[in-house]
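Structure file upload.txt (compact mmCIF, C-alpha atoms) is printed below.
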```txt
# COMPACT_ATOMS: atom_id res chain seq x y z
CA MET A 1 265.88 -34.15 96.46
CA SER A 2 269.21 -35.89 96.91
CA GLY A 3 271.90 -36.41 94.34
CA PRO A 4 274.34 -34.20 92.46
CA VAL A 5 273.56 -30.49 92.07
CA VAL A 6 275.17 -28.16 89.53
CA VAL A 7 275.00 -24.39 89.93
CA ILE A 8 275.92 -22.04 87.09
CA THR A 9 277.26 -18.84 88.55
CA GLY A 10 278.98 -15.52 88.05
CA GLY A 11 280.36 -13.27 90.78
CA VAL A 12 279.01 -11.75 93.98
CA GLY A 13 275.30 -12.65 93.81
CA GLY A 14 276.07 -16.11 92.51
CA ALA A 15 278.65 -16.71 95.22
CA LYS A 16 276.01 -15.97 97.84
CA LEU A 17 273.73 -18.66 96.45
CA VAL A 18 276.59 -21.15 96.25
CA GLU A 19 277.43 -20.41 99.88
CA GLY A 20 273.81 -21.08 100.81
CA LEU A 21 273.90 -24.37 98.90
CA THR A 22 276.96 -25.51 100.87
CA HIS A 23 274.77 -25.33 103.99
CA ALA A 24 271.80 -27.04 102.34
CA ILE A 25 273.41 -30.12 100.78
CA PRO A 26 276.59 -32.15 101.31
CA HIS A 27 279.58 -30.43 99.72
CA GLU A 28 280.53 -33.48 97.70
CA GLN A 29 277.18 -33.29 95.87
CA LEU A 30 277.76 -29.72 94.69
CA THR A 31 279.55 -28.50 91.56
CA ALA A 32 279.82 -24.81 90.69
CA ILE A 33 280.51 -23.97 87.04
CA VAL A 34 281.83 -20.42 86.94
CA ASN A 35 281.89 -17.70 84.30
CA THR A 36 285.34 -16.90 82.90
CA GLY A 37 284.22 -14.38 80.28
CA ASP A 38 285.28 -11.66 82.76
CA ASP A 39 288.84 -13.01 82.95
CA PHE A 40 291.56 -10.72 81.67
CA GLU A 41 295.22 -9.82 82.08
CA HIS A 42 296.14 -6.75 84.11
CA LEU A 43 299.66 -5.53 84.88
CA GLY A 44 300.90 -8.79 83.42
CA LEU A 45 298.80 -10.94 85.76
CA PRO A 46 295.89 -13.23 84.84
CA ILE A 47 292.77 -12.20 86.77
CA SER A 48 289.70 -14.45 87.20
CA PRO A 49 287.27 -12.17 89.07
CA ASP A 50 284.23 -14.46 89.34
CA ILE A 51 286.24 -17.53 90.33
CA ASP A 52 288.22 -15.56 92.89
CA THR A 53 285.06 -14.06 94.37
CA LEU A 54 283.72 -17.59 94.86
CA LEU A 55 286.98 -18.78 96.42
CA TYR A 56 287.05 -15.83 98.83
CA THR A 57 283.37 -16.16 99.72
CA LEU A 58 283.43 -19.88 100.46
CA SER A 59 286.68 -19.69 102.41
CA GLY A 60 285.41 -16.82 104.59
CA ARG A 61 287.94 -14.38 103.16
CA ALA A 62 285.57 -12.12 101.16
CA ASN A 63 285.10 -8.43 101.92
CA ALA A 64 281.33 -8.54 102.42
CA SER A 65 280.80 -4.79 102.76
CA GLN A 66 282.87 -3.93 99.69
CA GLY A 67 281.39 -6.72 97.56
CA TRP A 68 284.73 -7.75 96.03
CA GLY A 69 288.24 -8.61 97.16
CA ARG A 70 289.47 -9.82 100.53
CA GLU A 71 288.58 -8.78 104.04
CA GLY A 72 291.38 -6.96 105.85
CA GLU A 73 293.22 -6.22 102.61
CA SER A 74 296.15 -3.81 102.35
CA TRP A 75 297.04 -1.75 99.28
CA SER A 76 300.79 -1.07 99.32
CA PHE A 77 301.25 -2.57 95.86
CA MET A 78 298.63 -0.31 94.29
CA GLU A 79 300.07 2.75 96.03
CA VAL A 80 303.44 2.08 94.42
CA VAL A 81 301.82 1.35 91.02
CA ARG A 82 300.01 4.69 91.26
CA SER A 83 303.16 6.55 92.26
CA LEU A 84 304.91 5.18 89.18
CA GLY A 85 302.13 6.25 86.84
CA GLY A 86 300.77 2.75 86.30
CA GLU A 87 297.16 1.90 85.53
CA ASP A 88 295.26 1.99 88.80
CA TRP A 89 291.65 1.67 87.61
CA PHE A 90 291.51 -2.00 88.66
CA ASN A 91 292.59 -2.50 92.27
CA LEU A 92 294.72 -5.48 93.22
CA GLY A 93 295.17 -5.89 96.95
CA ASP A 94 298.38 -7.20 98.48
CA GLY A 95 296.82 -10.49 99.58
CA ASP A 96 294.82 -10.77 96.37
CA LEU A 97 298.07 -10.69 94.39
CA ALA A 98 298.95 -14.18 95.63
CA LEU A 99 296.17 -15.80 93.62
CA HIS A 100 297.11 -13.94 90.45
CA VAL A 101 300.86 -14.53 90.77
CA LEU A 102 300.44 -18.25 91.48
CA ARG A 103 297.86 -18.62 88.72
CA GLY A 104 300.16 -16.87 86.26
CA ALA A 105 303.15 -19.03 87.15
CA ALA A 106 301.09 -22.20 86.78
CA LEU A 107 299.59 -21.11 83.45
CA ARG A 108 303.05 -20.32 82.09
CA ALA A 109 304.15 -23.80 83.18
CA GLY A 110 301.40 -25.24 81.00
CA GLN A 111 298.80 -26.08 83.65
CA PRO A 112 295.13 -25.53 82.71
CA LEU A 113 293.00 -23.11 84.71
CA SER A 114 290.74 -25.93 85.90
CA ALA A 115 293.65 -27.76 87.55
CA ILE A 116 294.91 -24.54 89.14
CA ILE A 117 291.51 -23.73 90.63
CA ARG A 118 291.09 -27.28 91.87
CA ARG A 119 294.38 -26.94 93.77
CA PHE A 120 293.39 -23.57 95.23
CA ALA A 121 290.07 -25.02 96.44
CA LEU A 122 291.79 -28.03 98.01
CA ASN A 123 294.34 -25.84 99.78
CA TRP A 124 291.51 -23.80 101.30
CA ASN A 125 289.59 -26.94 102.28
CA LEU A 126 286.56 -26.24 100.10
CA GLY A 127 284.65 -29.49 99.77
CA LEU A 128 282.64 -28.69 96.67
CA THR A 129 283.89 -28.89 93.07
CA ILE A 130 284.63 -25.54 91.41
CA LEU A 131 285.04 -25.62 87.63
CA PRO A 132 285.79 -22.76 85.27
CA MET A 133 283.43 -22.92 82.31
CA SER A 134 286.42 -23.43 80.01
CA ASP A 135 290.20 -23.66 80.03
CA ASP A 136 290.14 -21.85 76.68
CA PRO A 137 290.08 -18.04 76.59
CA VAL A 138 286.63 -16.48 76.17
CA ALA A 139 286.33 -12.71 76.42
CA THR A 140 283.15 -10.69 76.99
CA TRP A 141 283.08 -7.52 74.88
CA ILE A 142 280.56 -4.73 75.18
CA GLU A 143 279.35 -2.78 72.13
CA SER A 144 278.45 0.66 73.44
CA ASP A 145 278.02 4.32 72.61
CA GLN A 146 281.69 4.65 73.58
CA GLY A 147 282.79 1.94 71.16
CA ALA A 148 283.75 -1.66 71.78
CA LEU A 149 284.97 -2.21 75.34
CA PRO A 150 286.41 -5.33 77.00
CA PHE A 151 284.24 -6.24 79.95
CA GLN A 152 286.42 -4.99 82.79
CA ARG A 153 286.96 -1.63 81.09
CA TYR A 154 283.17 -1.28 80.84
CA PHE A 155 282.41 -2.66 84.29
CA VAL A 156 285.20 -1.23 86.45
CA GLU A 157 286.95 1.61 84.63
CA HIS A 158 283.76 3.11 83.15
CA ARG A 159 281.50 1.93 86.01
CA CYS A 160 278.88 0.60 83.57
CA THR A 161 278.03 4.11 82.36
CA PRO A 162 278.33 3.46 78.57
CA ARG A 163 275.03 2.66 76.88
CA VAL A 164 275.08 -0.96 75.71
CA SER A 165 273.81 -2.01 72.29
CA ALA A 166 275.19 -5.56 72.05
CA ILE A 167 277.37 -8.11 73.86
CA ARG A 168 279.87 -10.46 72.24
CA PHE A 169 281.72 -13.47 73.63
CA VAL A 170 284.94 -13.68 71.66
CA GLY A 171 286.29 -17.21 71.42
CA ALA A 172 283.14 -18.90 72.75
CA GLU A 173 282.24 -20.70 69.52
CA SER A 174 285.54 -22.59 69.46
CA ALA A 175 285.99 -23.00 73.24
CA SER A 176 285.52 -26.36 74.89
CA PRO A 177 283.99 -26.77 78.35
CA ALA A 178 286.61 -27.44 81.00
CA PRO A 179 287.23 -31.06 82.00
CA GLY A 180 284.41 -32.25 84.25
CA VAL A 181 281.83 -29.67 83.15
CA ILE A 182 279.84 -31.87 80.77
CA ALA A 183 280.08 -34.89 83.07
CA ALA A 184 278.79 -32.83 86.00
CA ILE A 185 275.80 -31.59 83.98
CA GLU A 186 275.02 -35.10 82.74
CA ALA A 187 275.14 -36.50 86.29
CA ALA A 188 273.18 -33.66 87.91
CA GLN A 189 269.73 -34.33 89.32
CA THR A 190 269.28 -30.59 89.77
CA ILE A 191 270.73 -27.66 87.83
CA LEU A 192 270.47 -24.14 89.20
CA ILE A 193 271.29 -20.78 87.63
CA ALA A 194 272.41 -18.29 90.26
CA PRO A 195 271.02 -14.73 90.43
CA SER A 196 273.97 -13.49 88.39
CA ASN A 197 273.45 -11.10 85.48
CA PRO A 198 271.89 -13.27 82.73
CA TRP A 199 273.47 -11.27 79.89
CA LEU A 200 276.92 -10.63 81.34
CA SER A 201 277.60 -13.52 83.72
CA VAL A 202 275.48 -16.46 82.52
CA ASP A 203 275.39 -15.95 78.75
CA PRO A 204 279.17 -16.50 78.41
CA LEU A 205 278.62 -20.08 79.61
CA LEU A 206 275.58 -20.57 77.41
CA ALA A 207 277.63 -19.31 74.44
CA LEU A 208 279.80 -22.44 74.61
CA PRO A 209 278.02 -24.77 72.15
CA ALA A 210 278.83 -28.02 73.94
CA LEU A 211 277.82 -26.63 77.31
CA ARG A 212 274.48 -25.38 76.03
CA VAL A 213 273.74 -28.71 74.32
CA ALA A 214 274.51 -30.51 77.59
CA LEU A 215 272.03 -28.27 79.40
CA GLU A 216 269.40 -28.89 76.75
CA ARG A 217 269.87 -32.65 77.20
CA ARG A 218 269.97 -32.52 81.00
CA ASN A 219 268.41 -35.27 83.09
CA GLY A 220 267.06 -33.10 85.91
CA PRO A 221 265.10 -29.85 86.18
CA LEU A 222 266.75 -26.48 85.66
CA VAL A 223 265.72 -23.66 88.01
CA ALA A 224 266.99 -20.08 87.98
CA VAL A 225 266.97 -17.52 90.77
CA SER A 226 265.92 -14.14 89.41
CA PRO A 227 268.47 -11.34 89.86
CA LEU A 228 265.63 -8.83 90.27
CA VAL A 229 264.47 -7.80 93.72
CA ALA A 230 261.44 -5.52 94.03
CA GLY A 231 261.62 -4.76 90.34
CA THR A 232 265.28 -3.78 90.12
CA ALA A 233 268.78 -5.20 90.56
CA VAL A 234 270.37 -5.29 94.00
CA LYS A 235 273.84 -4.66 92.62
CA GLY A 236 275.37 -4.15 89.20
CA PRO A 237 273.98 -3.06 85.86
CA THR A 238 271.26 -5.67 85.25
CA ALA A 239 268.28 -3.29 85.22
CA LYS A 240 270.16 -0.59 83.29
CA LEU A 241 271.34 -3.14 80.75
CA MET A 242 267.84 -4.55 80.26
CA GLN A 243 266.49 -1.08 79.56
CA GLU A 244 269.26 -0.35 77.07
CA LEU A 245 268.54 -3.62 75.26
CA GLY A 246 264.87 -2.64 75.02
CA LEU A 247 263.60 -5.17 77.55
CA PRO A 248 261.04 -4.60 80.31
CA VAL A 249 262.74 -4.87 83.70
CA ASN A 250 260.64 -7.75 85.01
CA ASN A 251 260.75 -11.47 85.61
CA ALA A 252 258.97 -12.20 82.33
CA SER A 253 262.06 -10.86 80.55
CA ILE A 254 264.33 -13.05 82.69
CA ALA A 255 262.23 -16.12 81.93
CA ALA A 256 262.06 -15.31 78.21
CA HIS A 257 265.83 -14.88 78.10
CA TYR A 258 266.45 -18.42 79.36
CA GLY A 259 263.55 -19.73 77.30
CA SER A 260 263.14 -23.48 76.95
CA LEU A 261 266.12 -24.17 79.22
CA LEU A 262 264.06 -23.10 82.21
CA ASP A 263 261.73 -25.31 84.25
CA GLY A 264 261.23 -22.95 87.17
CA LEU A 265 262.08 -19.51 88.53
CA VAL A 266 262.59 -18.33 92.10
CA ILE A 267 261.38 -14.73 92.45
CA HIS A 268 261.31 -12.13 95.20
CA GLU A 269 258.22 -12.22 97.43
CA SER A 270 255.57 -10.01 95.77
CA ASP A 271 257.36 -9.44 92.44
CA ASP A 272 255.60 -10.16 89.17
CA ALA A 273 255.52 -13.78 88.07
CA PRO A 274 255.85 -14.84 84.42
CA GLU A 275 253.10 -17.07 83.10
CA GLY A 276 253.52 -20.69 82.12
CA LEU A 277 256.41 -21.41 84.46
CA ALA A 278 256.77 -23.04 87.88
CA ILE A 279 257.38 -20.28 90.43
CA ALA A 280 258.64 -20.11 94.00
CA ARG A 281 258.46 -16.91 96.04
CA THR A 282 260.75 -15.95 98.87
CA ASN A 283 262.75 -12.95 100.05
CA THR A 284 265.67 -13.30 97.61
CA LEU A 285 267.78 -10.54 99.17
CA MET A 286 270.80 -12.42 100.54
CA GLN A 287 272.54 -10.50 103.32
CA THR A 288 272.95 -13.04 106.13
CA PRO A 289 273.88 -16.73 106.17
CA GLN A 290 270.25 -17.49 106.95
CA ASP A 291 269.15 -15.51 103.87
CA LYS A 292 271.52 -17.45 101.65
CA LEU A 293 270.33 -20.78 103.01
CA ARG A 294 266.68 -19.75 102.58
CA VAL A 295 267.11 -18.86 98.91
CA ALA A 296 269.16 -21.98 98.23
CA GLN A 297 266.50 -24.13 99.86
CA ALA A 298 263.72 -22.42 97.88
CA ALA A 299 265.55 -23.20 94.64
CA LEU A 300 266.12 -26.83 95.63
CA ASP A 301 262.48 -27.23 96.71
CA LEU A 302 261.23 -25.77 93.43
CA ALA A 303 263.47 -28.13 91.48
CA ARG A 304 262.01 -31.02 93.47
CA GLN A 305 258.51 -29.90 92.55
CA CYS A 306 259.47 -29.60 88.87
CA ALA A 307 260.89 -33.12 88.94
CA GLY A 308 257.52 -34.39 90.14
```
Please render this file's structure as structure tokens.
Amino acid sequence: MSGPVVVITGGVGGAKLVEGLTHAIPHEQLTAIVNTGDDFEHLGLPISPDIDTLLYTLSGRANASQGWGREGESWSFMEVVRSLGGEDWFNLGDGDLALHVLRGAALRAGQPLSAIIRRFALNWNLGLTILPMSDDPVATWIESDQGALPFQRYFVEHRCTPRVSAIRFVGAESASPAPGVIAAIEAAQTILIAPSNPWLSVDPLLALPALRVALERRNGPLVAVSPLVAGTAVKGPTAKLMQELGLPVNNASIAAHYGSLLDGLVIHESDDAPEGLAIARTNTLMQTPQDKLRVAQAALDLARQCAG
């Protein structure tokens, strides 16, 4: 299948699929629409964790073993913050600070996030299009047995330990998709949902009314890659969250969550397959460049089959 491809993505797992796609199709055919529900301000700096993870991954700067941040990072800034009694629960590396400082300066000058990210991607010679889901603020909040928590407090400071009862996306109802998002979806011959957490990383995008309507009216098939591998999540709280929301930890729950948006699902080798849906099986554990390419190709091939 040739033609434009859109991938909806969150952080680490999604970035791996996007990297695989950059080796499967021409860069100019690929648009990544990225979750910004995780974005927040820390120590006076605007942080965009999922976007930055994608930028670091595609530019070869990501710390693969750590799963976040930059390779070869130093931590002098955080050491001084800690010595002065500042909040140190969210680490900002010395090199990582550059993105946040430049982003903050540009936002204060009135530039939208989408334009800032476009400039970052150009400066790092990334040939694909990277779009935040919105230039408007949308904040993921977790309702838990420890009260209402902003996402990063839940995810980083509390290490996902609070028991989740509900998830809210504050500002989503009034937020507009970033410039280029709707046009990319309308032009796409294939739309993929990365193996990001459906509830925490994909739902913020789906909570934008105009974005969801565009997906419902899409011209090409929509295929998701399941975040479950051998019946659990590789990384992050997906399986724990599903249990706390009263959902079976299986691919039927993933498929039911996306519902009528979904034309096909890529699942891990011998994992359970939901009924009534086009399925592709492969080893979805993405550790090497070859793994990432394999999963990306499986998703593209399934989309081709769904398109007939």
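Closest approach to A:Glu269 among A:Ala15, A:Leu228, A:Ala307, A:Val34: A:Leu228, based on all atoms listed in the file.
In this comparison, which uses only C-alpha atoms, the residue of A:Gly220, A:Gly264, A:Gly37, A:Pro162 approaching A:Gln189 most closely is A:Gly220.
Using all atoms listed in the file for every distance, the candidate list A:Ala178, A:Ser226, A:Leu302, A:Leu261 yields A:Ser226 as the residue closest to A:Thr238.
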Between stretch 16-65 of chain A and stretch 289-299 of chain A, at 10 Å or less, what are the per-residue closest atom pairs and their distances in Å? Count only C-alpha atoms, order by chain and rising residue number, and return it as a tab-separated table.
```
residue	atom	partner	partner_atom	distance
A:Lys16	CA	A:Lys292	CA	6.1
A:Leu17	CA	A:Lys292	CA	5.8
A:Val18	CA	A:Ala296	CA	7.7
A:Glu19	CA	A:Lys292	CA	6.8
A:Gly20	CA	A:Leu293	CA	4.1
A:Leu21	CA	A:Ala296	CA	5.4
A:Thr22	CA	A:Leu293	CA	8.4
A:His23	CA	A:Leu293	CA	6.4
A:Ala24	CA	A:Leu293	CA	6.5
A:Ile25	CA	A:Gln297	CA	9.2
```
Self-check item: atom CA of A:Ala255 to atom CA of A:Ile191, straight-line distance in Å
Solution: 15.5 Å
Exercise. Just the residues within 9 Å of A:Asp38, please, counting only C-alpha atoms, with nothing from its chain fewer than 2 positions along; format it as an MDAnalysis selection string.
Key: chainID A and resid 35:36 40 47:50 138:140 150:152 200:201 204
Just C-alpha atoms for this one: save the residues we selected as a compact mmCIF listing (two decimals), in the frame of the given file.
```txt
# COMPACT_ATOMS: atom_id res chain seq x y z
CA ASN A 35 281.89 -17.70 84.30
CA THR A 36 285.34 -16.90 82.90
CA PHE A 40 291.56 -10.72 81.67
CA ILE A 47 292.77 -12.20 86.77
CA SER A 48 289.70 -14.45 87.20
CA PRO A 49 287.27 -12.17 89.07
CA ASP A 50 284.23 -14.46 89.34
CA VAL A 138 286.63 -16.48 76.17
CA ALA A 139 286.33 -12.71 76.42
CA THR A 140 283.15 -10.69 76.99
CA PRO A 150 286.41 -5.33 77.00
CA PHE A 151 284.24 -6.24 79.95
CA GLN A 152 286.42 -4.99 82.79
CA LEU A 200 276.92 -10.63 81.34
CA SER A 201 277.60 -13.52 83.72
CA PRO A 204 279.17 -16.50 78.41
```
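The spacing separating atom CA of A:Val12 from atom CA of A:Ile193 amounts to 13.5 Å.
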Give me the residues near A:Ser144 as a short mmCIF file (atom, residue, chain, number, x, y, z; two decimals) with C-alpha atoms, in the coordinates of the input, where near means some atom within 10 Å (using all atoms listed in the file) and where sequence neighbours in that chain fewer than 4 positions away do not count.
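That gives us selection39.cif:
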```
data_model
loop_
_atom_site.label_atom_id
_atom_site.label_comp_id
_atom_site.auth_asym_id
_atom_site.auth_seq_id
_atom_site.Cartn_x
_atom_site.Cartn_y
_atom_site.Cartn_z
CA ALA A 148 283.75 -1.66 71.78
CA LEU A 149 284.97 -2.21 75.34
CA TYR A 154 283.17 -1.28 80.84
CA THR A 161 278.03 4.11 82.36
CA PRO A 162 278.33 3.46 78.57
CA ARG A 163 275.03 2.66 76.88
CA VAL A 164 275.08 -0.96 75.71
CA SER A 165 273.81 -2.01 72.29
CA ALA A 166 275.19 -5.56 72.05
CA ILE A 167 277.37 -8.11 73.86
CA GLU A 244 269.26 -0.35 77.07
#
```
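Considering all atoms listed in the file, the residue among A:Val223, A:Leu205, A:Leu113, A:Ala278 positioned nearest to A:Gly171 is A:Leu205.
Minimum atom-to-atom distances from A:Trp124, A:Asp135, A:Ser196, A:Phe90 to A:Gly110 were compared using all atoms listed in the file, and the lowest value belongs to A:Asp135.
You will find atom CA of A:Val6 at 4.8 Å from atom CA of A:Thr31.
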Exercise. Pick out the residues sitting within 12 Å of A:Ala210, and hand them over as a ChimeraX atom specification; count all atoms listed in the file, and ignore anything fewer than 3 positions along from it in its own chain.
Key: /A:133-134,172-178,181-183,185-186,205-207,213-217
If I wrap all listed atoms of stretch 60-63 of chain A in a box with edges along x, y and z and add 5 Å on each side, what are its centre and edge lengths in Å to one decimal, as lines of an AutoDock Vina configuration file?
```
center_x = 286.5
center_y = -12.6
center_z = 102.9
size_x = 12.8
size_y = 18.4
size_z = 13.4
```
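Look at stretch 58-61 of chain A: the protein and nucleic acid residues within 7 Å of it, using only C-alpha atoms and passing over chain neighbours fewer than 2 places away, are Glu19, Leu54, Leu55, Tyr56, Asn63, Arg70, Glu71, Trp124 and Leu126 of chain A.
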Take the residues from that selection and write them out as an mmCIF file, in the frame of the given file, keeping C-alpha atoms.
```cif
data_model
loop_
_atom_site.group_PDB
_atom_site.id
_atom_site.type_symbol
_atom_site.label_atom_id
_atom_site.label_comp_id
_atom_site.auth_asym_id
_atom_site.auth_seq_id
_atom_site.Cartn_x
_atom_site.Cartn_y
_atom_site.Cartn_z
ATOM 1 C CA GLU A 19 277.430 -20.410 99.880
ATOM 2 C CA LEU A 54 283.720 -17.590 94.860
ATOM 3 C CA LEU A 55 286.980 -18.780 96.420
ATOM 4 C CA TYR A 56 287.050 -15.830 98.830
ATOM 5 C CA ASN A 63 285.100 -8.430 101.920
ATOM 6 C CA ARG A 70 289.470 -9.820 100.530
ATOM 7 C CA GLU A 71 288.580 -8.780 104.040
ATOM 8 C CA TRP A 124 291.510 -23.800 101.300
ATOM 9 C CA LEU A 126 286.560 -26.240 100.100
#
```
Quiz item: Could you pull the residues within 8 Å of A:Leu262, counting all atoms listed in the file, minus those fewer than 2 positions along the same chain, as a list in words?
Solution: Pro221, Leu222, Val223, Ala224, Ala255, Tyr258, Gly259, Ser260, Gly264 and Leu265 of chain A
